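This is final-v4.cif (mmCIF, C-alpha atoms).
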data_start
loop_
_atom_site.label_atom_id
_atom_site.label_comp_id
_atom_site.auth_asym_id
_atom_site.auth_seq_id
_atom_site.Cartn_x
_atom_site.Cartn_y
_atom_site.Cartn_z
CA MET A 399 -185.85 130.02 42.48
CA SER A 400 -182.78 128.81 40.58
CA ARG A 401 -182.87 125.82 38.22
CA ARG A 402 -180.68 123.90 40.66
CA ASN A 403 -183.12 124.45 43.51
CA ILE A 404 -186.06 123.42 41.31
CA LEU A 405 -184.20 120.21 40.42
CA ARG A 406 -183.43 119.63 44.11
CA LEU A 407 -187.09 120.09 45.01
CA VAL A 408 -188.29 117.76 42.24
CA LEU A 409 -185.78 115.05 43.17
CA LEU A 410 -186.59 115.44 46.87
CA THR A 411 -190.28 115.00 46.10
CA VAL A 412 -189.49 111.92 43.98
CA ALA A 413 -187.33 110.53 46.81
CA VAL A 414 -190.06 110.96 49.43
CA ALA A 415 -192.66 109.48 47.04
CA PHE A 416 -190.36 106.50 46.33
CA VAL A 417 -189.77 105.83 50.03
CA ALA A 418 -193.51 106.05 50.77
CA ALA A 419 -194.51 103.92 47.77
CA GLY A 420 -191.72 101.43 48.50
CA ALA A 421 -192.77 101.10 52.14
CA ILE A 422 -196.41 100.53 51.10
CA ILE A 423 -195.57 97.75 48.63
CA GLY A 424 -193.31 95.99 51.14
CA GLY A 425 -189.84 97.34 50.37
CA ALA A 426 -189.18 98.18 54.02
CA TYR A 427 -190.13 94.64 55.01
CA ASP A 428 -187.71 93.25 52.40
CA VAL A 429 -184.91 95.36 53.90
CA TYR A 430 -185.82 94.20 57.40
CA ALA A 431 -186.08 90.54 56.36
CA LYS A 432 -182.56 90.62 54.94
CA ALA A 433 -181.00 92.76 57.67
CA ALA A 434 -182.47 90.85 60.61
CA ARG A 435 -180.86 87.56 59.51
CA ILE A 436 -177.16 86.78 59.29
CA CYS A 437 -176.20 87.57 55.67
CA SER A 438 -174.32 84.48 54.46
CA GLU A 439 -172.89 86.32 51.44
CA CYS A 440 -171.57 89.18 53.61
CA ILE A 441 -169.68 86.88 55.95
CA GLY A 442 -168.33 84.69 53.14
CA LEU A 443 -170.44 81.57 53.48
CA GLY A 444 -171.93 81.94 50.02
CA MET B 1438 -166.52 132.58 62.11
CA GLY B 1439 -162.87 133.04 62.87
CA SER B 1440 -159.74 130.98 62.59
CA ARG B 1441 -160.41 129.17 65.88
CA ALA B 1442 -163.66 127.85 64.44
CA ARG B 1443 -161.83 126.74 61.29
CA GLN B 1444 -159.23 124.88 63.36
CA ARG B 1445 -162.02 122.98 65.18
CA ILE B 1446 -163.07 121.09 62.04
CA PRO B 1447 -160.73 118.05 62.23
CA ALA B 1448 -161.61 117.41 65.89
CA THR B 1449 -165.33 117.89 65.27
CA ARG B 1450 -165.22 115.56 62.29
CA ARG B 1451 -163.37 112.85 64.20
CA PHE B 1452 -165.90 113.11 67.02
CA VAL B 1453 -168.81 112.82 64.57
CA GLN B 1454 -167.14 109.81 62.86
CA LEU B 1455 -166.64 108.01 66.18
CA TYR B 1456 -170.12 108.90 67.42
CA THR B 1457 -171.63 107.64 64.14
CA ALA B 1458 -169.69 104.36 64.27
CA VAL B 1459 -170.94 103.73 67.81
CA LEU B 1460 -174.48 104.83 66.96
CA TYR B 1461 -174.69 102.53 63.90
CA ASN B 1462 -173.44 99.65 66.08
CA ALA B 1463 -175.15 100.45 69.35
CA HIS B 1464 -176.39 96.91 69.99
CA ILE B 1465 -173.52 96.06 72.35
CA ARG B 1466 -175.26 92.88 73.51
CA GLY B 1467 -174.74 91.47 70.02
CA PHE B 1468 -170.95 91.54 70.48
CA VAL B 1469 -171.30 89.82 73.85
CA GLU B 1470 -173.73 87.12 72.67
CA GLY B 1471 -172.34 86.70 69.14
CA ASP B 1472 -175.67 87.31 67.45
CA ILE B 1473 -177.18 90.13 65.41
CA TYR B 1474 -179.89 92.67 66.26
CA THR B 1475 -183.39 91.89 65.01
CA GLY B 1476 -185.30 95.03 66.07
CA LYS B 1477 -187.57 97.09 63.81
CA THR B 1478 -184.91 99.77 63.14
CA LYS B 1479 -183.28 97.29 60.76
CA ALA B 1480 -185.98 98.17 58.23
CA VAL B 1481 -184.20 101.53 57.78
CA CYS B 1482 -180.85 102.00 56.05
CA VAL B 1483 -178.08 103.97 57.71
CA PRO B 1484 -176.36 106.44 55.31
CA GLY B 1485 -172.83 104.98 55.52
CA LEU B 1486 -171.29 101.61 54.69
CA ASN B 1487 -171.96 99.40 57.73
CA CYS B 1488 -172.66 95.70 57.40
CA TYR B 1489 -176.05 94.61 58.73
CA SER B 1490 -174.49 91.35 59.86
CA CYS B 1491 -172.25 93.21 62.30
CA PRO B 1492 -173.39 92.01 65.74
CA GLY B 1493 -173.88 95.61 66.86
CA ALA B 1494 -175.65 96.98 63.76
CA ILE B 1495 -179.04 98.55 64.51
CA GLY B 1496 -179.77 99.57 60.91
CA ALA B 1497 -179.46 98.15 57.41
CA CYS B 1498 -176.53 98.68 55.02
CA PRO B 1499 -177.73 100.85 52.10
CA LEU B 1500 -175.50 99.05 49.60
CA GLY B 1501 -176.49 95.56 50.70
CA SER B 1502 -180.14 96.63 50.68
CA LEU B 1503 -179.77 98.05 47.17
CA GLN B 1504 -178.35 94.78 45.85
CA ASN B 1505 -181.10 92.79 47.52
CA ALA B 1506 -183.73 95.16 46.17
CA VAL B 1507 -182.27 94.70 42.67
CA SER B 1508 -182.26 90.92 43.23
CA ALA B 1509 -185.95 91.06 44.17
CA SER B 1510 -186.88 93.60 41.49
CA ALA B 1511 -188.59 90.93 39.38
CA ASN B 1512 -191.22 90.73 42.14
CA ARG B 1513 -191.12 94.23 43.60
CA PRO B 1514 -189.67 97.52 42.26
CA ALA B 1515 -186.76 98.84 44.32
CA PHE B 1516 -188.55 102.11 45.21
CA TYR B 1517 -187.83 102.07 48.95
CA VAL B 1518 -184.05 101.70 48.84
CA VAL B 1519 -183.63 103.94 45.76
CA GLY B 1520 -185.75 106.59 47.51
CA LEU B 1521 -183.60 106.40 50.65
CA LEU B 1522 -180.39 106.67 48.60
CA LEU B 1523 -181.84 109.69 46.78
CA LEU B 1524 -182.72 111.31 50.12
CA PHE B 1525 -179.25 110.68 51.54
CA GLY B 1526 -177.57 111.90 48.35
CA LEU B 1527 -179.63 115.07 48.03
CA THR B 1528 -179.26 116.12 51.65
CA LEU B 1529 -175.79 114.90 52.66
CA GLY B 1530 -174.03 113.70 49.48
CA ARG B 1531 -170.43 112.66 50.07
CA VAL B 1532 -170.46 114.35 53.46
CA ILE B 1533 -171.57 110.83 54.41
CA CYS B 1534 -168.21 109.44 53.22
CA GLY B 1535 -166.18 112.01 55.12
CA TRP B 1536 -168.21 112.25 58.31
CA LEU B 1537 -170.73 109.41 58.67
CA CYS B 1538 -169.03 106.24 57.40
CA PRO B 1539 -167.48 103.83 59.94
CA PHE B 1540 -165.39 102.16 57.25
CA GLY B 1541 -164.08 105.59 56.21
CA LEU B 1542 -163.00 106.13 59.81
CA ILE B 1543 -161.21 102.75 59.87
CA GLN B 1544 -159.36 103.69 56.66
CA GLU B 1545 -158.29 107.05 58.07
CA LEU B 1546 -157.03 105.47 61.31
CA LEU B 1547 -155.04 102.91 59.32
CA TYR B 1548 -153.42 105.71 57.32
CA LYS B 1549 -152.15 107.14 60.62
CA ILE B 1550 -149.84 104.13 61.03
CA PRO B 1551 -146.31 105.57 60.63
CA GLY B 1552 -144.48 104.55 57.47
CA LYS B 1553 -144.01 105.39 53.81
CA LYS B 1554 -147.13 106.80 52.15
CA VAL B 1555 -148.13 106.82 48.48
CA LYS B 1556 -149.17 110.27 47.34
CA LYS B 1557 -152.02 110.99 44.95
CA GLY B 1558 -151.32 111.67 41.31
CA ARG B 1559 -152.61 111.10 37.81
CA TRP B 1560 -152.63 107.34 38.49
CA SER B 1561 -154.98 107.70 41.47
CA ARG B 1562 -157.25 110.12 39.62
CA ARG B 1563 -157.63 107.53 36.84
CA LEU B 1564 -158.13 104.71 39.33
CA SER B 1565 -160.91 106.68 41.03
CA TRP B 1566 -163.15 105.82 38.07
CA LEU B 1567 -162.89 102.13 38.98
CA LYS B 1568 -165.56 102.46 41.69
CA TYR B 1569 -168.17 103.28 39.03
CA GLY B 1570 -167.31 100.01 37.29
CA VAL B 1571 -167.58 98.13 40.61
CA LEU B 1572 -170.98 99.77 41.17
CA ALA B 1573 -172.21 98.90 37.67
CA VAL B 1574 -170.93 95.30 37.62
CA PHE B 1575 -170.99 93.99 41.20
CA ALA B 1576 -173.76 96.05 42.82
CA LEU B 1577 -176.17 96.32 39.86
CA ALA B 1578 -175.48 94.03 36.87
CA ILE B 1579 -174.71 90.79 38.76
CA PRO B 1580 -177.74 91.07 41.11
CA ALA B 1581 -179.96 92.05 38.13
CA TYR B 1582 -178.67 89.18 35.94
CA PHE B 1583 -179.27 86.58 38.64
CA ALA B 1584 -182.63 88.13 39.53
CA LEU B 1585 -183.81 86.99 36.08
CA ARG B 1586 -182.98 83.42 37.20
CA HIS B 1587 -184.71 84.02 40.55
CA VAL B 1588 -181.39 83.62 42.39
CA PRO B 1589 -180.55 86.42 44.86
CA LEU B 1590 -176.86 87.25 44.41
CA PRO B 1591 -175.51 90.47 45.95
CA GLY B 1592 -172.26 90.48 43.95
CA PHE B 1593 -170.44 93.17 45.90
CA CYS B 1594 -171.34 91.73 49.33
CA LYS B 1595 -170.42 88.23 48.23
CA TYR B 1596 -167.13 88.79 46.43
CA ILE B 1597 -165.68 92.10 47.59
CA CYS B 1598 -167.16 93.98 50.58
CA PRO B 1599 -164.33 94.28 53.14
CA ALA B 1600 -166.72 95.99 55.59
CA GLY B 1601 -168.87 92.83 55.62
CA THR B 1602 -165.84 90.63 56.20
CA LEU B 1603 -164.47 92.83 58.98
CA GLU B 1604 -167.66 93.88 60.76
CA GLY B 1605 -169.80 90.84 60.01
CA ALA B 1606 -167.65 87.78 59.36
CA VAL B 1607 -164.70 88.40 61.68
CA ALA B 1608 -166.88 89.66 64.55
CA LEU B 1609 -169.29 86.70 64.28
CA VAL B 1610 -166.87 83.93 63.41
CA LEU B 1611 -164.42 84.76 66.20
CA HIS B 1612 -167.16 84.57 68.84
CA PRO B 1613 -166.99 81.37 70.91
CA ALA B 1614 -170.74 80.83 70.55
CA ASN B 1615 -170.47 80.51 66.74
CA GLY B 1616 -168.44 77.35 66.33
CA ASP B 1617 -170.98 76.05 63.81
CA LEU B 1618 -170.32 79.07 61.54
CA ARG B 1619 -166.57 78.44 61.63
CA GLY B 1620 -167.20 74.91 60.41
CA LEU B 1621 -168.94 76.26 57.28
CA LEU B 1622 -166.14 78.54 56.14
CA GLY B 1623 -164.59 77.71 52.80
CA SER B 1624 -162.91 79.16 49.72
CA LEU B 1625 -165.33 82.10 49.49
CA PHE B 1626 -164.39 83.22 53.00
CA LEU B 1627 -160.72 82.94 52.10
CA LEU B 1628 -161.31 85.09 49.01
CA LYS B 1629 -163.11 87.72 51.07
CA LEU B 1630 -160.47 87.61 53.79
CA SER B 1631 -157.77 88.12 51.14
CA VAL B 1632 -159.64 91.14 49.77
CA LEU B 1633 -159.97 92.53 53.31
CA ILE B 1634 -156.26 92.11 54.05
CA LEU B 1635 -155.37 93.67 50.68
CA VAL B 1636 -157.69 96.63 51.26
CA LEU B 1637 -156.55 97.25 54.85
CA SER B 1638 -152.88 97.01 53.79
CA ALA B 1639 -153.51 99.46 50.95
CA CYS B 1640 -155.25 101.86 53.34
CA ALA B 1641 -152.16 101.99 55.55
CA VAL B 1642 -150.13 103.48 52.69
CA ILE B 1643 -152.78 105.11 50.47
CA HIS B 1644 -155.27 107.55 51.99
CA ARG B 1645 -158.79 106.03 51.92
CA ALA B 1646 -157.81 103.55 49.21
CA PHE B 1647 -161.12 101.63 49.34
CA CYS B 1648 -163.20 104.80 49.43
CA ARG B 1649 -161.38 106.35 46.45
CA PHE B 1650 -161.06 103.34 44.15
CA LEU B 1651 -163.62 100.68 45.05
CA CYS B 1652 -166.59 101.87 47.11
CA PRO B 1653 -169.84 101.71 45.09
CA LEU B 1654 -171.68 103.68 47.78
CA GLY B 1655 -169.22 106.55 47.39
CA ALA B 1656 -169.79 106.29 43.62
CA ILE B 1657 -173.55 106.68 44.14
CA TYR B 1658 -173.19 109.66 46.49
CA SER B 1659 -170.65 111.32 44.16
CA LEU B 1660 -173.44 111.68 41.59
CA PHE B 1661 -175.00 114.25 43.95
CA ALA B 1662 -171.86 116.40 44.24
CA ARG B 1663 -173.53 119.44 42.69
CA LEU B 1664 -176.93 118.95 44.30
CA ALA B 1665 -176.29 117.97 47.92
CA LEU B 1666 -177.49 120.48 50.50
CA LEU B 1667 -174.54 120.02 52.86
CA GLY B 1668 -170.86 120.42 52.01
CA VAL B 1669 -167.86 122.70 51.51
CA ARG B 1670 -168.42 125.63 49.17
CA VAL B 1671 -166.01 128.07 47.49
CA ASP B 1672 -166.54 131.80 47.11
CA PRO B 1673 -165.23 132.45 43.57
CA ALA B 1674 -164.92 136.18 44.24
CA ARG B 1675 -162.43 135.56 47.04
CA CYS B 1676 -160.68 132.61 45.41
CA SER B 1677 -157.27 133.50 43.94
CA ASP B 1678 -156.84 130.14 42.18
CA CYS B 1679 -153.68 129.49 44.18
CA GLY B 1680 -154.47 125.77 44.28
CA ALA B 1681 -153.58 125.35 47.97
CA CYS B 1682 -156.90 123.62 48.63
CA VAL B 1683 -156.37 121.00 45.90
CA ARG B 1684 -152.75 120.42 46.98
CA VAL B 1685 -153.63 119.82 50.65
CA CYS B 1686 -156.57 117.55 49.77
CA PRO B 1687 -155.71 113.86 50.13
CA MET B 1688 -158.53 112.88 47.75
CA ASP B 1689 -158.43 113.03 43.95
CA ILE B 1690 -160.28 116.31 43.56
CA ARG B 1691 -159.92 118.75 40.69
CA THR B 1692 -161.93 121.42 42.51
CA VAL B 1693 -163.26 121.68 46.04
CA GLY B 1694 -166.69 120.07 46.29
CA ASP B 1695 -166.42 117.95 43.13
CA ARG B 1696 -167.32 114.23 42.85
CA GLU B 1697 -164.20 113.08 44.71
CA CYS B 1698 -164.55 115.56 47.58
CA VAL B 1699 -165.67 113.97 50.88
CA HIS B 1700 -166.08 117.40 52.52
CA CYS B 1701 -163.56 116.76 55.30
CA GLY B 1702 -162.95 120.50 55.50
CA LYS B 1703 -159.16 120.21 55.48
CA CYS B 1704 -159.02 122.86 52.76
CA ILE B 1705 -160.86 125.45 54.88
CA SER B 1706 -157.92 126.08 57.19
CA VAL B 1707 -155.30 126.33 54.40
CA CYS B 1708 -157.24 128.85 52.30
CA GLY B 1709 -155.42 132.16 52.75
CA GLN B 1710 -158.30 134.01 51.09
CA LYS B 1711 -160.89 132.56 53.53
CA ALA B 1712 -162.88 131.60 50.45
CA ILE B 1713 -164.02 128.14 51.61
CA SER B 1714 -166.74 127.34 54.14
CA PHE B 1715 -168.81 124.37 55.23
CA ARG B 1716 -172.47 125.08 54.62
CA ALA B 1717 -175.92 123.64 54.90
CA GLY B 1718 -177.80 125.48 52.19
CA LYS B 1719 -177.45 129.19 53.10
CA LEU B 1720 -176.30 128.50 56.63
CA VAL B 1721 -172.55 128.72 57.27
CA LEU B 1722 -171.66 125.92 59.69
CA MET B 1723 -167.87 126.30 59.68
CA GLY B 1724 -165.47 128.75 58.05
CA PRO B 1725 -165.70 132.47 57.31
CA GLU B 1726 -169.08 134.11 56.69
CA LEU B 1727 -169.66 134.55 52.95
CA PRO B 1728 -172.10 136.78 51.10
CA GLU B 1729 -174.66 134.39 49.57
CA ARG B 1730 -174.59 135.86 46.05
CA ARG B 1731 -170.89 135.19 45.58
CA LEU B 1732 -171.01 131.52 46.41
CA GLN B 1733 -170.02 129.13 43.66
CA LYS B 1734 -173.15 127.36 42.38
#
Starting from the coordinates I provided, produce the structure as structure tokens.
Amino acid sequence: MSRRNILRLVLLTVAVAFVAAGAIIGGAYDVYAKAARICSECIGLG
Amino acid sequence: MGSRARQRIPATRRFVQLYTAVLYNAHIRGFVEGDIYTGKTKAVCVPGLNCYSCPGAIGACPLGSLQNAVSASANRPAFYVVGLLLLFGLTLGRVICGWLCPFGLIQELLYKIPGKKVKKGRWSRRLSWLKYGVLAVFALAIPAYFALRHVPLPGFCKYICPAGTLEGAVALVLHPANGDLRGLLGSLFLLKLSVLILVLSACAVIHRAFCRFLCPLGAIYSLFARLALLGVRVDPARCSDCGACVRVCPMDIRTVGDRECVHCGKCISVCGQKAISFRAGKLVLMGPELPERRLQK
């Protein structure tokens, strides 16, 4: 396996671990909480 | 694959872009009622730039989510959003910009408006570094600085994001049911509207002006240029260094597949040596079949 593929595999593992850990500690809820309400900054209300 | 397959790429890409834009904004009822979607899918980020305050949006914007995660990082590490961005970058990279970004599609359609066009050059190559500054200052530093004061401030969304103004603000504010929102608009909205008009005007004369010079999401995905699984690849054994691919490319690339390449595949059909193909790992998706060992790493 080439160095590039090893790096890909390591980063992919880190990414999956981050998503799983983030979801467990409430990161997914944070994303939902922001996305399910009208974002006042996005639409220029401040 | 033969030349017919290579000629299919622009049509296939346009279809994928349109399909993606509709898919990201599939909550049609939101446009009718003037409200946003609140289903569980909004806990997941879509890969491309698409404002989560667009009435049709069924997923979260990765850039907005990143800024909010940075804003909340004093309480909770931003693992979830960073992990998703890593996943998107490693698998798709800037293929997202070229194929899966609704705002990229809007920019390309604007560039089709007949009129004088500004060609790329040394100036645009230099300006392409600006998006890294926008990423560092507006999407990371400002949210991080205000996070220390426990004030959530997504700098890019608030002061720049033209996608938010177009997809979120304009779509919501123009709806008859949102008269109360119109009453709240002030100088910040005017600033954002000015940025939107400036960006859209620039896109009519400069190919993908926002994408090339300002988009922090493109800046993030460009970091994966050499690692992403999907994208255009060059066979160095067949390549004659004629430069036709770089000349035909409307982006500020130095070589095919570098940080500025959005993998549109335009170069595949102009390569006389049939040295370029669109691949997913070892699998050739479009372009001539290439022996694996000769592919440029």
Pull the closest atom pair for each residue of chain B that gets at most 6 Å from chain A, along with the distance in Å to one decimal, counting all atoms listed in the file, ordering rows by chain and then ascending residue number, as a Markdown table.
| residue | atom | partner | partner_atom | distance |
| --- | --- | --- | --- | --- |
| B:Thr1475 | CA | A:Ala434 | CA | 4.6 |
| B:Lys1479 | CA | A:Tyr430 | CA | 5.2 |
| B:Ala1480 | CA | A:Tyr430 | CA | 4.1 |
| B:Tyr1489 | CA | A:Ala433 | CA | 5.4 |
| B:Ser1490 | CA | A:Ile436 | CA | 5.3 |
| B:Ala1497 | CA | A:Ala433 | CA | 5.6 |
| B:Ser1502 | CA | A:Val429 | CA | 5.9 |
| B:Phe1516 | CA | A:Gly420 | CA | 4.6 |
| B:Tyr1517 | CA | A:Gly420 | CA | 4.0 |
| B:Gly1520 | CA | A:Ala413 | CA | 4.3 |
| B:Leu1523 | CA | A:Ala413 | CA | 5.6 |
| B:Leu1524 | CA | A:Ala413 | CA | 5.7 |
| B:Cys1594 | CA | A:Cys440 | CA | 5.0 |
| B:Lys1595 | CA | A:Glu439 | CA | 4.5 |
| B:Gly1601 | CA | A:Cys440 | CA | 5.0 |
| B:Thr1602 | CA | A:Ile441 | CA | 5.4 |
| B:Gly1605 | CA | A:Ile441 | CA | 5.7 |
| B:Ala1606 | CA | A:Ile441 | CA | 4.1 |
| B:Leu1622 | CA | A:Leu443 | CA | 5.9 |
| B:Leu1625 | CA | A:Gly442 | CA | 5.4 |
| B:Phe1626 | CA | A:Gly442 | CA | 4.2 |
Once you have the residues from the selection above, write them out as an mmCIF file, keeping the file's coordinate frame, restricted to C-alpha atoms.
data_model
loop_
_atom_site.group_PDB
_atom_site.id
_atom_site.type_symbol
_atom_site.label_atom_id
_atom_site.label_comp_id
_atom_site.auth_asym_id
_atom_site.auth_seq_id
_atom_site.Cartn_x
_atom_site.Cartn_y
_atom_site.Cartn_z
ATOM 1 C CA THR B 1475 -183.390 91.890 65.010
ATOM 2 C CA LYS B 1479 -183.280 97.290 60.760
ATOM 3 C CA ALA B 1480 -185.980 98.170 58.230
ATOM 4 C CA TYR B 1489 -176.050 94.610 58.730
ATOM 5 C CA SER B 1490 -174.490 91.350 59.860
ATOM 6 C CA ALA B 1497 -179.460 98.150 57.410
ATOM 7 C CA SER B 1502 -180.140 96.630 50.680
ATOM 8 C CA PHE B 1516 -188.550 102.110 45.210
ATOM 9 C CA TYR B 1517 -187.830 102.070 48.950
ATOM 10 C CA GLY B 1520 -185.750 106.590 47.510
ATOM 11 C CA LEU B 1523 -181.840 109.690 46.780
ATOM 12 C CA LEU B 1524 -182.720 111.310 50.120
ATOM 13 C CA CYS B 1594 -171.340 91.730 49.330
ATOM 14 C CA LYS B 1595 -170.420 88.230 48.230
ATOM 15 C CA GLY B 1601 -168.870 92.830 55.620
ATOM 16 C CA THR B 1602 -165.840 90.630 56.200
ATOM 17 C CA GLY B 1605 -169.800 90.840 60.010
ATOM 18 C CA ALA B 1606 -167.650 87.780 59.360
ATOM 19 C CA LEU B 1622 -166.140 78.540 56.140
ATOM 20 C CA LEU B 1625 -165.330 82.100 49.490
ATOM 21 C CA PHE B 1626 -164.390 83.220 53.000
#
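You will find CA of Leu1572 in chain B at 23.2 Å from CA of Tyr1461 in chain B.
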**Study point:** CA of Ala1712 in chain B to CA of Gln1454 in chain B, distance in Å rounded to a single decimal
**Key:**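 Taking CA of Ala1712 in chain B as the start and CA of Gln1454 in chain B as the end point, the length is 25.4 Å.
Nearest residue to Arg1663 in chain B, choosing from B:Arg1445, B:Arg1696, B:Lys1711, B:His1587 and counting all atoms listed in the file: B:Arg1696.
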Exactly which residues make up the result of the PyMOL selection byres ((chain B and resi 1599) around 9) on this file, given as a compact mmCIF listing (two decimals) with C-alpha atoms, in the coordinates of the input?
# COMPACT_ATOMS: atom_id res chain seq x y z
CA CYS A 440 -171.57 89.18 53.61
CA PHE B 1540 -165.39 102.16 57.25
CA CYS B 1594 -171.34 91.73 49.33
CA ILE B 1597 -165.68 92.10 47.59
CA CYS B 1598 -167.16 93.98 50.58
CA ALA B 1600 -166.72 95.99 55.59
CA GLY B 1601 -168.87 92.83 55.62
CA THR B 1602 -165.84 90.63 56.20
CA LEU B 1603 -164.47 92.83 58.98
CA GLU B 1604 -167.66 93.88 60.76
CA LYS B 1629 -163.11 87.72 51.07
CA LEU B 1630 -160.47 87.61 53.79
CA VAL B 1632 -159.64 91.14 49.77
CA LEU B 1633 -159.97 92.53 53.31
CA ILE B 1634 -156.26 92.11 54.05
CA VAL B 1636 -157.69 96.63 51.26
CA LEU B 1637 -156.55 97.25 54.85
CA PHE B 1647 -161.12 101.63 49.34
**Study point:** Expansion of the PyMOL selection byres ((chain B and resi 1589) around 9) into residues, as a VMD selection string
**Key:** chain B and resid 1504 to 1505 1507 to 1509 1580 to 1581 1583 to 1584 1586 to 1588 1590 to 1591
6 Å per side around range 412-423 of chain A: axis-aligned box centre and edge lengths, as AutoDock Vina command-line options:
--center_x -191.9 --center_y 104.8 --center_z 48.1 --size_x 21.1 --size_y 26.2 --size_z 20.2
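Here CA of Thr1692 in chain B stands at a distance of 22.0 Å from CA of Leu1537 in chain B.
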Could you list the residues chosen by the PyMOL selection byres ((chain B and resi 1551-1555) around 9) in this structure as an mmCIF file with C-alpha atoms, in the frame of the given file?
data_model
loop_
_atom_site.group_PDB
_atom_site.id
_atom_site.type_symbol
_atom_site.label_atom_id
_atom_site.label_comp_id
_atom_site.auth_asym_id
_atom_site.auth_seq_id
_atom_site.Cartn_x
_atom_site.Cartn_y
_atom_site.Cartn_z
ATOM 1 C CA TYR B 1548 -153.420 105.710 57.320
ATOM 2 C CA LYS B 1549 -152.150 107.140 60.620
ATOM 3 C CA ILE B 1550 -149.840 104.130 61.030
ATOM 4 C CA LYS B 1556 -149.170 110.270 47.340
ATOM 5 C CA LYS B 1557 -152.020 110.990 44.950
ATOM 6 C CA ALA B 1641 -152.160 101.990 55.550
ATOM 7 C CA VAL B 1642 -150.130 103.480 52.690
ATOM 8 C CA ILE B 1643 -152.780 105.110 50.470
ATOM 9 C CA HIS B 1644 -155.270 107.550 51.990
#
Missing atoms in range 404-416 of chain A should be modelled up to N, CA and C atoms and reported as a compact mmCIF listing (two decimals), keeping the file's coordinate frame.
# COMPACT_ATOMS: atom_id res chain seq x y z
N ILE A 404 -184.85 124.08 41.84
CA ILE A 404 -186.06 123.42 41.31
C ILE A 404 -185.78 121.93 41.14
N LEU A 405 -184.59 121.62 40.60
CA LEU A 405 -184.20 120.21 40.42
C LEU A 405 -184.12 119.49 41.76
N ARG A 406 -183.51 120.20 42.76
CA ARG A 406 -183.43 119.63 44.11
C ARG A 406 -184.82 119.29 44.64
N LEU A 407 -185.73 120.25 44.47
CA LEU A 407 -187.09 120.09 45.01
C LEU A 407 -187.82 118.93 44.32
N VAL A 408 -187.64 118.85 43.00
CA VAL A 408 -188.29 117.76 42.24
C VAL A 408 -187.74 116.41 42.69
N LEU A 409 -186.40 116.32 42.78
CA LEU A 409 -185.78 115.05 43.17
C LEU A 409 -186.12 114.67 44.62
N LEU A 410 -186.22 115.69 45.47
CA LEU A 410 -186.59 115.44 46.87
C LEU A 410 -188.02 114.90 46.95
N THR A 411 -188.88 115.47 46.14
CA THR A 411 -190.28 115.00 46.10
C THR A 411 -190.32 113.56 45.60
N VAL A 412 -189.54 113.29 44.54
CA VAL A 412 -189.49 111.92 43.98
C VAL A 412 -188.97 110.96 45.05
N ALA A 413 -187.93 111.39 45.78
CA ALA A 413 -187.33 110.53 46.81
C ALA A 413 -188.35 110.19 47.89
N VAL A 414 -189.06 111.19 48.38
CA VAL A 414 -190.06 110.96 49.43
C VAL A 414 -191.17 110.05 48.90
N ALA A 415 -191.60 110.31 47.65
CA ALA A 415 -192.66 109.48 47.04
C ALA A 415 -192.19 108.03 46.90
N PHE A 416 -190.92 107.85 46.48
CA PHE A 416 -190.36 106.50 46.33
C PHE A 416 -190.32 105.77 47.67
